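Q: Quick one: the structure is below, questions incoming.
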There are 2 protein chains.
Amino acid sequence: MSDRGVLHLEEEILGDDYIDNISVDNLIFSMHEGKLKVLLAKYTQGYASNQWGLIGHWARLDENLNDAAARIVKQTSGVENLFLDQLGAFGQVNRYPERRIITVAFYSLVIYDDAKLVGGKNTNELAWFDVFEVPNLIFDHNVILSSCLEHLKYKVRHEPIGFNLLPEKFTLLQLQEIYEAILQKPLDKPNFRRKILKMNLLIDCKERQKNVAHRAASLYRFDLDVYHKLREFGFSFEY
Amino acid sequence: MSDRGVLHLEEEILGDDYIDNISVDNLIFSMHEGKLKVLLAKYTQGYASNQWGLIGHWARLDENLNDAAARIVKQTSGVENLFLDQLGAFGQVNRYPERRIITVAFYSLVIYDDAKLVGGKNTNELAWFDVFEVPNLIFDHNVILSSCLEHLKYKVRHEPIGFNLLPEKFTLLQLQEIYEAILQKPLDKPNFRRKILKMNLLIDCKERQKNVAHRAASLYRFDLDVYHKLREFGFSFEY
């Protein structure tokens with residue numbers, strides 16, 4: 001741990017129960033109105049003060065890294081027991097001013113309506129941003145976000161995605177919007193439907209949407225057995 | 001950095017230019033005589049003294065994590081400019097005695113004959129072990145190895161593998177041995193050949209092995225364009 005005597009005024013004051021050169025950062029994604037969103041925080045303390053960044057904090061000395069990530073997600077988004085996956089460690093020499101800090105990034109996919117933004121002790125504002133319209137973020141957070149979007153792009157081509165971003169019953173259009181948002185390109189509708197249905201991944205609920213202004217679309221749900229098999233064994237989603 | 005005054009006798013003595021709670025560990029794999037091997041070191045200092053572990057060391061204050069990993073690989077295996085990929089950070093609270101240390105694991109695939117084992121300053125023995133016959137390793141290194149083998153298993157099902165493990169020209173049997181070693185199961189030979197050849201990934205060199213006791217097999221090389229396309233877009237290797 002660093003010598004507290006040389007702590008700069010710009011630095012956040014940490015309790016002794018935190019590791020001061022290891023942080024965790026969370027990329028919390030959600031789909032809203034057909035767009036892929038990421039949750040960002042405006043910070044109140046330290047070098048990050050008054051700037052937007054990923055939802056991050058320090059890891060406690062007595063806390064596993066993924067527990068630290070889950071704690072921070074819960075504190076800020078209100079989402080518990082969520083799907084969390086590690087993206088990796090980011091440790092470039094100059095990523096943080098004056099001190100060497102390694103951050104371990106985790107990403108999670110949450111259902112928009114499940115998130116109740118509550119703010120942490122060191123943040124004064126939380127907001128969802130379109131992933132392609134984020135402001136300049138603190139430190140290397142723009143790099144971490146880009147890296148995570150590349151990772152999601154890779155994943156969407158190799159395994160089924162959507163389970164953690166969609167309600168239990170969803171329309172094919174909702175699923176297509178996720179693929180389009182991650183791949184950053186419009187997909188041909190009949191083509192997308194044909195390919196997705198051919199994978200035997202979806203079960204037709206034999207129900208239609210309710211209370212919609214447009215023509216009600218059919219609802220589908222994931223066949224979880226197939227979902228997990230495709231995750232494990234892989235497939236190629238070409239478009 | 002931790003208070004050097006409380007350093008225990010069992011701990012390795014580090015220079016001031018190292019970060020003392022962040023290490024990098026390398027999983028260096030190679031194929032030899034049809035088996036997947038991992039390079040391990042027997043350490044001379046600190047808690048690891050006289051025990052086998054992954055090829056790891058501390059990161060320098062002025063060094064990016066992947067540069068630290070590449071430095072360590074070069075020092076111990078003699079391999080330069082190698083393919084290195086981050087597996088992820090391992091940071092369970094009790095993974096290292098008494099202090100909180102996060103390690104970032106990297107894996108690399110090298111050609112067996114390219115490795116000239118030279119040993120580092122803090123290791124007195126280096127050896128290749130069959131990945132399924134490793135001894136009890138220091139700290140959580142058995143867990144890191146298992147996690148990496150799972151990752152390779154995932155990868156072999158989703159993208160072509162072998163480029164960094166095989167010489168430029170290789171036989172179909174050599175390629176099959178890699179798949180079998182990673183998937184941990186024998187594969188049907190005609191079936192494997194049919195599937196691999198159907199992917200258009202291999203170019204027939206129109207040459208046969210030389211100086212072999214058995215019947216000389218045909219040599220193939222990777223079509224790098226197809227290799228990289230399949231890596232990016234994915235495929236399903238079912239067996």
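Ordering of the structure tokens sets the chain letters (A, B, ...), residue numbers begin anew at 1 in every chain, and ligands are numbered from 1 in the order given.
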Find the nearest atom pair between each residue of chain B and chain A for residues within 10 Å, count only C-alpha atoms, give distances in Å to one decimal, sort rows by chain and ascending number, and present the table as CSV.

A:
residue,atom,partner,partner_atom,distance
B:Met1,CA,A:Met1,CA,4.0
B:Ser2,CA,A:Met1,CA,4.7
B:Asp3,CA,A:Met1,CA,7.5
B:Ile19,CA,A:Arg100,CA,8.3
B:Asp20,CA,A:Met1,CA,8.7
B:Asn21,CA,A:Met1,CA,8.1
B:Ile22,CA,A:Ile102,CA,8.3
B:Ala59,CA,A:Gly91,CA,9.9
B:Arg60,CA,A:Val93,CA,9.4
B:Leu61,CA,A:Arg100,CA,6.8
B:Asp62,CA,A:Val93,CA,6.0
B:Glu63,CA,A:Val93,CA,6.0
B:Asn64,CA,A:Gln92,CA,4.7
B:Leu65,CA,A:Gly91,CA,5.8
B:Asn66,CA,A:Gly91,CA,8.5
B:Asp67,CA,A:Gln92,CA,9.5
B:Gln86,CA,A:Gly88,CA,7.3
B:Leu87,CA,A:Gly88,CA,7.4
B:Gly88,CA,A:Gly88,CA,4.7
B:Ala89,CA,A:Ala89,CA,5.8
B:Phe90,CA,A:Leu65,CA,8.0
B:Gly91,CA,A:Leu65,CA,5.8
B:Gln92,CA,A:Asn64,CA,4.7
B:Val93,CA,A:Asn64,CA,5.3
B:Asn94,CA,A:Asp62,CA,8.8
B:Arg95,CA,A:Asn64,CA,9.9
B:Arg99,CA,A:Leu61,CA,9.1
B:Arg100,CA,A:Leu61,CA,6.8
B:Ile101,CA,A:Ile22,CA,9.7
B:Ile102,CA,A:Ile22,CA,8.3
B:Thr103,CA,A:Ala89,CA,9.5
B:Val104,CA,A:Ala89,CA,6.9
B:Ala105,CA,A:Ala89,CA,9.4
B:Lys153,CA,A:Glu232,CA,9.4
B:Tyr154,CA,A:Glu232,CA,6.8
B:Lys155,CA,A:Gly234,CA,9.2
B:Val156,CA,A:Phe233,CA,9.4
B:Arg157,CA,A:Phe233,CA,5.8
B:His158,CA,A:Gly234,CA,5.5
B:Glu159,CA,A:His158,CA,8.8
B:Leu230,CA,A:Ser236,CA,8.9
B:Arg231,CA,A:Tyr154,CA,9.1
B:Glu232,CA,A:Tyr154,CA,6.8
B:Phe233,CA,A:Arg157,CA,5.8
B:Gly234,CA,A:Ser236,CA,5.0
B:Phe235,CA,A:Ser236,CA,4.4
B:Ser236,CA,A:Phe235,CA,4.4
B:Phe237,CA,A:Phe233,CA,7.2
B:Glu238,CA,A:Phe233,CA,6.9
B:Tyr239,CA,A:Phe233,CA,9.6

Q: Select from segment 2-233 of chain A everything DSSP, run on the backbone, classes as alpha helix (DSSP H), then give the selection as an mmCIF file with N, CA and C atoms, in the first residue's frame.

A:
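Produced file states-v3.cif, reproduced below:
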data_model
loop_
_atom_site.group_PDB
_atom_site.id
_atom_site.type_symbol
_atom_site.label_atom_id
_atom_site.label_comp_id
_atom_site.auth_asym_id
_atom_site.auth_seq_id
_atom_site.Cartn_x
_atom_site.Cartn_y
_atom_site.Cartn_z
ATOM 1 N N LEU A 65 -12.081 -10.051 -5.586
ATOM 2 C CA LEU A 65 -12.318 -9.019 -6.606
ATOM 3 C C LEU A 65 -13.750 -9.041 -7.148
ATOM 4 N N ASN A 66 -14.262 -10.256 -7.425
ATOM 5 C CA ASN A 66 -15.621 -10.305 -7.978
ATOM 6 C C ASN A 66 -16.669 -9.891 -6.936
ATOM 7 N N ASP A 67 -16.365 -10.111 -5.654
ATOM 8 C CA ASP A 67 -17.281 -9.627 -4.612
ATOM 9 C C ASP A 67 -17.269 -8.098 -4.562
ATOM 10 N N ALA A 68 -16.086 -7.528 -4.763
ATOM 11 C CA ALA A 68 -15.994 -6.063 -4.798
ATOM 12 C C ALA A 68 -16.827 -5.525 -5.956
ATOM 13 N N ALA A 69 -16.703 -6.163 -7.106
ATOM 14 C CA ALA A 69 -17.461 -5.729 -8.281
ATOM 15 C C ALA A 69 -18.964 -5.837 -8.027
ATOM 16 N N ALA A 70 -19.390 -6.961 -7.458
ATOM 17 C CA ALA A 70 -20.822 -7.168 -7.199
ATOM 18 C C ALA A 70 -21.345 -6.147 -6.180
ATOM 19 N N ARG A 71 -20.526 -5.855 -5.168
ATOM 20 C CA ARG A 71 -20.912 -4.855 -4.162
ATOM 21 C C ARG A 71 -21.148 -3.493 -4.814
ATOM 22 N N ILE A 72 -20.257 -3.108 -5.695
ATOM 23 C CA ILE A 72 -20.342 -1.793 -6.327
ATOM 24 C C ILE A 72 -21.549 -1.721 -7.261
ATOM 25 N N VAL A 73 -21.790 -2.810 -7.991
ATOM 26 C CA VAL A 73 -22.958 -2.839 -8.882
ATOM 27 C C VAL A 73 -24.241 -2.730 -8.063
ATOM 28 N N LYS A 74 -24.287 -3.462 -6.979
ATOM 29 C CA LYS A 74 -25.485 -3.439 -6.144
ATOM 30 C C LYS A 74 -25.703 -2.049 -5.542
ATOM 31 N N GLN A 75 -24.617 -1.452 -5.045
ATOM 32 C CA GLN A 75 -24.741 -0.132 -4.428
ATOM 33 C C GLN A 75 -25.234 0.921 -5.403
ATOM 34 N N THR A 76 -24.795 0.820 -6.647
ATOM 35 C CA THR A 76 -25.122 1.901 -7.575
ATOM 36 C C THR A 76 -26.341 1.627 -8.443
ATOM 37 N N SER A 77 -26.544 0.372 -8.803
ATOM 38 C CA SER A 77 -27.658 0.092 -9.715
ATOM 39 C C SER A 77 -28.825 -0.575 -9.011
ATOM 40 N N HIS A 141 -10.807 4.859 -19.081
ATOM 41 C CA HIS A 141 -12.118 4.215 -19.136
ATOM 42 C C HIS A 141 -12.703 4.154 -20.540
ATOM 43 N N ASN A 142 -12.351 5.105 -21.416
ATOM 44 C CA ASN A 142 -12.803 4.971 -22.806
ATOM 45 C C ASN A 142 -12.163 3.748 -23.472
ATOM 46 N N VAL A 143 -10.911 3.492 -23.147
ATOM 47 C CA VAL A 143 -10.207 2.317 -23.694
ATOM 48 C C VAL A 143 -10.848 1.031 -23.168
ATOM 49 N N ILE A 144 -11.161 1.017 -21.891
ATOM 50 C CA ILE A 144 -11.782 -0.178 -21.298
ATOM 51 C C ILE A 144 -13.150 -0.432 -21.941
ATOM 52 N N LEU A 145 -13.912 0.640 -22.140
ATOM 53 C CA LEU A 145 -15.223 0.492 -22.782
ATOM 54 C C LEU A 145 -15.073 -0.054 -24.205
ATOM 55 N N SER A 146 -14.141 0.496 -24.969
ATOM 56 C CA SER A 146 -13.928 0.007 -26.349
ATOM 57 C C SER A 146 -13.539 -1.460 -26.340
ATOM 58 N N SER A 147 -12.667 -1.811 -25.426
ATOM 59 C CA SER A 147 -12.226 -3.193 -25.326
ATOM 60 C C SER A 147 -13.410 -4.109 -25.010
ATOM 61 N N CYS A 148 -14.294 -3.656 -24.169
ATOM 62 C CA CYS A 148 -15.450 -4.479 -23.795
ATOM 63 C C CYS A 148 -16.428 -4.596 -24.966
ATOM 64 N N LEU A 149 -16.592 -3.528 -25.720
ATOM 65 C CA LEU A 149 -17.491 -3.589 -26.882
ATOM 66 C C LEU A 149 -16.929 -4.550 -27.931
ATOM 67 N N GLU A 150 -15.605 -4.562 -28.099
ATOM 68 C CA GLU A 150 -14.977 -5.524 -29.010
ATOM 69 C C GLU A 150 -15.229 -6.958 -28.526
ATOM 70 N N HIS A 151 -15.115 -7.123 -27.214
ATOM 71 C CA HIS A 151 -15.347 -8.439 -26.623
ATOM 72 C C HIS A 151 -16.792 -8.895 -26.857
ATOM 73 N N LEU A 152 -17.746 -7.980 -26.678
ATOM 74 C CA LEU A 152 -19.156 -8.332 -26.910
ATOM 75 C C LEU A 152 -19.398 -8.681 -28.379
ATOM 76 N N LYS A 153 -18.731 -7.958 -29.267
ATOM 77 C CA LYS A 153 -18.841 -8.219 -30.705
ATOM 78 C C LYS A 153 -18.341 -9.635 -31.016
ATOM 79 N N TYR A 154 -17.236 -9.982 -30.406
ATOM 80 C CA TYR A 154 -16.686 -11.332 -30.568
ATOM 81 C C TYR A 154 -17.690 -12.354 -30.049
ATOM 82 N N LYS A 155 -18.244 -12.063 -28.861
ATOM 83 C CA LYS A 155 -19.151 -13.018 -28.240
ATOM 84 C C LYS A 155 -20.419 -13.229 -29.053
ATOM 85 N N VAL A 156 -20.962 -12.166 -29.589
ATOM 86 C CA VAL A 156 -22.231 -12.277 -30.300
ATOM 87 C C VAL A 156 -22.068 -13.148 -31.558
ATOM 88 N N ARG A 157 -20.833 -13.224 -32.044
ATOM 89 C CA ARG A 157 -20.561 -14.070 -33.214
ATOM 90 C C ARG A 157 -20.296 -15.518 -32.837
ATOM 91 N N HIS A 158 -20.033 -15.774 -31.578
ATOM 92 C CA HIS A 158 -19.629 -17.118 -31.167
ATOM 93 C C HIS A 158 -20.604 -17.819 -30.239
ATOM 94 N N LEU A 172 -38.861 -10.967 -31.608
ATOM 95 C CA LEU A 172 -37.671 -11.140 -32.451
ATOM 96 C C LEU A 172 -37.008 -9.797 -32.738
ATOM 97 N N LEU A 173 -37.822 -8.745 -32.797
ATOM 98 C CA LEU A 173 -37.251 -7.422 -33.040
ATOM 99 C C LEU A 173 -36.363 -6.983 -31.871
ATOM 100 N N GLN A 174 -36.819 -7.282 -30.660
ATOM 101 C CA GLN A 174 -35.992 -6.933 -29.489
ATOM 102 C C GLN A 174 -34.640 -7.652 -29.525
ATOM 103 N N LEU A 175 -34.670 -8.908 -29.938
ATOM 104 C CA LEU A 175 -33.422 -9.673 -30.026
ATOM 105 C C LEU A 175 -32.536 -9.108 -31.136
ATOM 106 N N GLN A 176 -33.165 -8.803 -32.267
ATOM 107 C CA GLN A 176 -32.397 -8.251 -33.386
ATOM 108 C C GLN A 176 -31.738 -6.926 -33.004
ATOM 109 N N GLU A 177 -32.439 -6.123 -32.219
ATOM 110 C CA GLU A 177 -31.883 -4.825 -31.798
ATOM 111 C C GLU A 177 -30.598 -5.006 -30.986
ATOM 112 N N ILE A 178 -30.529 -6.067 -30.190
ATOM 113 C CA ILE A 178 -29.306 -6.333 -29.418
ATOM 114 C C ILE A 178 -28.152 -6.655 -30.362
ATOM 115 N N TYR A 179 -28.423 -7.533 -31.333
ATOM 116 C CA TYR A 179 -27.376 -7.889 -32.298
ATOM 117 C C TYR A 179 -26.930 -6.657 -33.089
ATOM 118 N N GLU A 180 -27.879 -5.846 -33.477
ATOM 119 C CA GLU A 180 -27.531 -4.643 -34.249
ATOM 120 C C GLU A 180 -26.726 -3.653 -33.410
ATOM 121 N N ALA A 181 -27.116 -3.521 -32.138
ATOM 122 C CA ALA A 181 -26.423 -2.566 -31.265
ATOM 123 C C ALA A 181 -24.987 -3.012 -31.026
ATOM 124 N N ILE A 182 -24.786 -4.317 -30.831
ATOM 125 C CA ILE A 182 -23.443 -4.815 -30.531
ATOM 126 C C ILE A 182 -22.592 -4.862 -31.805
ATOM 127 N N LEU A 183 -23.202 -5.297 -32.913
ATOM 128 C CA LEU A 183 -22.434 -5.399 -34.158
ATOM 129 C C LEU A 183 -22.322 -4.055 -34.863
ATOM 130 N N LYS A 189 -33.968 -7.995 -41.761
ATOM 131 C CA LYS A 189 -34.935 -8.615 -40.862
ATOM 132 C C LYS A 189 -35.293 -10.062 -41.206
ATOM 133 N N PRO A 190 -35.712 -10.352 -42.450
ATOM 134 C CA PRO A 190 -36.072 -11.753 -42.763
ATOM 135 C C PRO A 190 -34.879 -12.702 -42.588
ATOM 136 N N ASN A 191 -33.712 -12.225 -42.968
ATOM 137 C CA ASN A 191 -32.494 -13.002 -42.857
ATOM 138 C C ASN A 191 -32.166 -13.323 -41.394
ATOM 139 N N PHE A 192 -32.254 -12.298 -40.557
ATOM 140 C CA PHE A 192 -31.982 -12.477 -39.132
ATOM 141 C C PHE A 192 -32.939 -13.497 -38.536
ATOM 142 N N ARG A 193 -34.224 -13.357 -38.862
ATOM 143 C CA ARG A 193 -35.235 -14.268 -38.311
ATOM 144 C C ARG A 193 -34.997 -15.709 -38.735
ATOM 145 N N ARG A 194 -34.663 -15.861 -40.005
ATOM 146 C CA ARG A 194 -34.436 -17.197 -40.539
ATOM 147 C C ARG A 194 -33.263 -17.860 -39.813
ATOM 148 N N LYS A 195 -32.179 -17.103 -39.655
ATOM 149 C CA LYS A 195 -30.993 -17.670 -39.012
ATOM 150 C C LYS A 195 -31.210 -18.001 -37.541
ATOM 151 N N ILE A 196 -31.856 -17.073 -36.861
ATOM 152 C CA ILE A 196 -32.085 -17.281 -35.426
ATOM 153 C C ILE A 196 -33.025 -18.470 -35.215
ATOM 154 N N LEU A 197 -34.082 -18.533 -36.004
ATOM 155 C CA LEU A 197 -35.060 -19.615 -35.803
ATOM 156 C C LEU A 197 -34.458 -20.980 -36.155
ATOM 157 N N LYS A 198 -33.536 -20.971 -37.124
ATOM 158 C CA LYS A 198 -32.899 -22.221 -37.553
ATOM 159 C C LYS A 198 -32.042 -22.838 -36.441
ATOM 160 N N LEU A 224 -33.411 -22.788 -22.694
ATOM 161 C CA LEU A 224 -32.166 -22.656 -21.916
ATOM 162 C C LEU A 224 -31.184 -23.792 -22.151
ATOM 163 N N ASP A 225 -31.704 -24.996 -22.415
ATOM 164 C CA ASP A 225 -30.798 -26.116 -22.719
ATOM 165 C C ASP A 225 -29.979 -25.814 -23.976
ATOM 166 N N VAL A 226 -30.689 -25.378 -25.003
ATOM 167 C CA VAL A 226 -30.005 -25.060 -26.261
ATOM 168 C C VAL A 226 -29.076 -23.866 -26.064
ATOM 169 N N TYR A 227 -29.571 -22.880 -25.329
ATOM 170 C CA TYR A 227 -28.771 -21.672 -25.048
ATOM 171 C C TYR A 227 -27.412 -22.055 -24.457
ATOM 172 N N HIS A 228 -27.445 -22.884 -23.419
ATOM 173 C CA HIS A 228 -26.194 -23.252 -22.747
ATOM 174 C C HIS A 228 -25.327 -24.156 -23.618
ATOM 175 N N LYS A 229 -25.969 -25.017 -24.400
ATOM 176 C CA LYS A 229 -25.181 -25.864 -25.309
ATOM 177 C C LYS A 229 -24.476 -25.015 -26.363
ATOM 178 N N LEU A 230 -25.195 -24.054 -26.920
ATOM 179 C CA LEU A 230 -24.585 -23.191 -27.937
ATOM 180 C C LEU A 230 -23.475 -22.336 -27.331
ATOM 181 N N ARG A 231 -23.666 -21.913 -26.083
ATOM 182 C CA ARG A 231 -22.610 -21.151 -25.400
ATOM 183 C C ARG A 231 -21.356 -21.987 -25.290
ATOM 184 N N GLU A 232 -21.553 -23.255 -24.927
ATOM 185 C CA GLU A 232 -20.392 -24.103 -24.702
ATOM 186 C C GLU A 232 -19.744 -24.531 -26.003
ATOM 187 N N PHE A 233 -20.562 -24.954 -26.950
ATOM 188 C CA PHE A 233 -20.008 -25.558 -28.158
ATOM 189 C C PHE A 233 -19.798 -24.577 -29.304
#

Q: Report as a tab-separated table (two decimals) with C-alpha atoms, in the first residue's frame all protein, DNA and RNA residues lying within 7 Å of Ala217 of chain A, evaluated on only C-alpha atoms, omitting residues in the same chain fewer than 4 positions from it.

A:
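Heads up, here's the output in around.tsv:
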chain	number	residue	atom	x	y	z
A	171	THR	CA	-40.05	-10.28	-29.62
A	208	ARG	CA	-48.54	-11.81	-28.69
A	209	GLN	CA	-47.48	-8.52	-27.15

Q: Need to verify the contact set: segment 40-43 of chain B, 8 Å, only C-alpha atoms, exclusion of same-chain residues closer than 2 positions in sequence. Can you return it as a PyMOL selection string?

A: chain B and resi 38+45+48-55+122-129

Q: Keeping C-alpha atoms for every residue in the selection just given, could you write it to a file as a PDB file, in the first residue's frame?

A:
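Saved result, again.pdb, follows:
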ATOM      1  CA  VAL B  38       3.179 -26.422 -19.615  1.00  0.00           C
ATOM      2  CA  GLN B  45      13.166 -17.576  -2.816  1.00  0.00           C
ATOM      3  CA  ALA B  48       7.532 -20.366  -3.212  1.00  0.00           C
ATOM      4  CA  SER B  49      11.004 -21.604  -2.311  1.00  0.00           C
ATOM      5  CA  ASN B  50      11.715 -25.142  -3.481  1.00  0.00           C
ATOM      6  CA  GLN B  51       8.235 -25.585  -4.956  1.00  0.00           C
ATOM      7  CA  TRP B  52       6.946 -25.734  -8.520  1.00  0.00           C
ATOM      8  CA  GLY B  53       4.826 -22.961  -9.930  1.00  0.00           C
ATOM      9  CA  LEU B  54       3.918 -21.052 -13.054  1.00  0.00           C
ATOM     10  CA  ILE B  55       6.567 -18.768 -14.503  1.00  0.00           C
ATOM     11  CA  ASN B 122      14.909 -16.643  -8.715  1.00  0.00           C
ATOM     12  CA  THR B 123      14.414 -20.096 -10.203  1.00  0.00           C
ATOM     13  CA  ASN B 124      16.783 -23.025 -10.079  1.00  0.00           C
ATOM     14  CA  GLU B 125      14.952 -25.461 -12.317  1.00  0.00           C
ATOM     15  CA  LEU B 126      12.648 -25.213 -15.308  1.00  0.00           C
ATOM     16  CA  ALA B 127      10.775 -28.124 -16.834  1.00  0.00           C
ATOM     17  CA  TRP B 128       7.931 -29.019 -19.170  1.00  0.00           C
ATOM     18  CA  PHE B 129       5.096 -30.969 -17.526  1.00  0.00           C
TER      19      PHE B 129
END

Q: Using the chain letters and numbers from this document, which residues of segment 62-209 of chain A does DSSP assign to strand (DSSP E or B), as a PyMOL selection string?

A: chain A and resi 84-90+102-109+123-130+170+202-208

Q: Figure out the distance between atom CA of Val79 of chain A and atom CA of Leu137 of chain A, please, to one decimal in Å.

A: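 Taking atom CA of Leu137 of chain A and atom CA of Val79 of chain A, their separation equals 23.3 Å.
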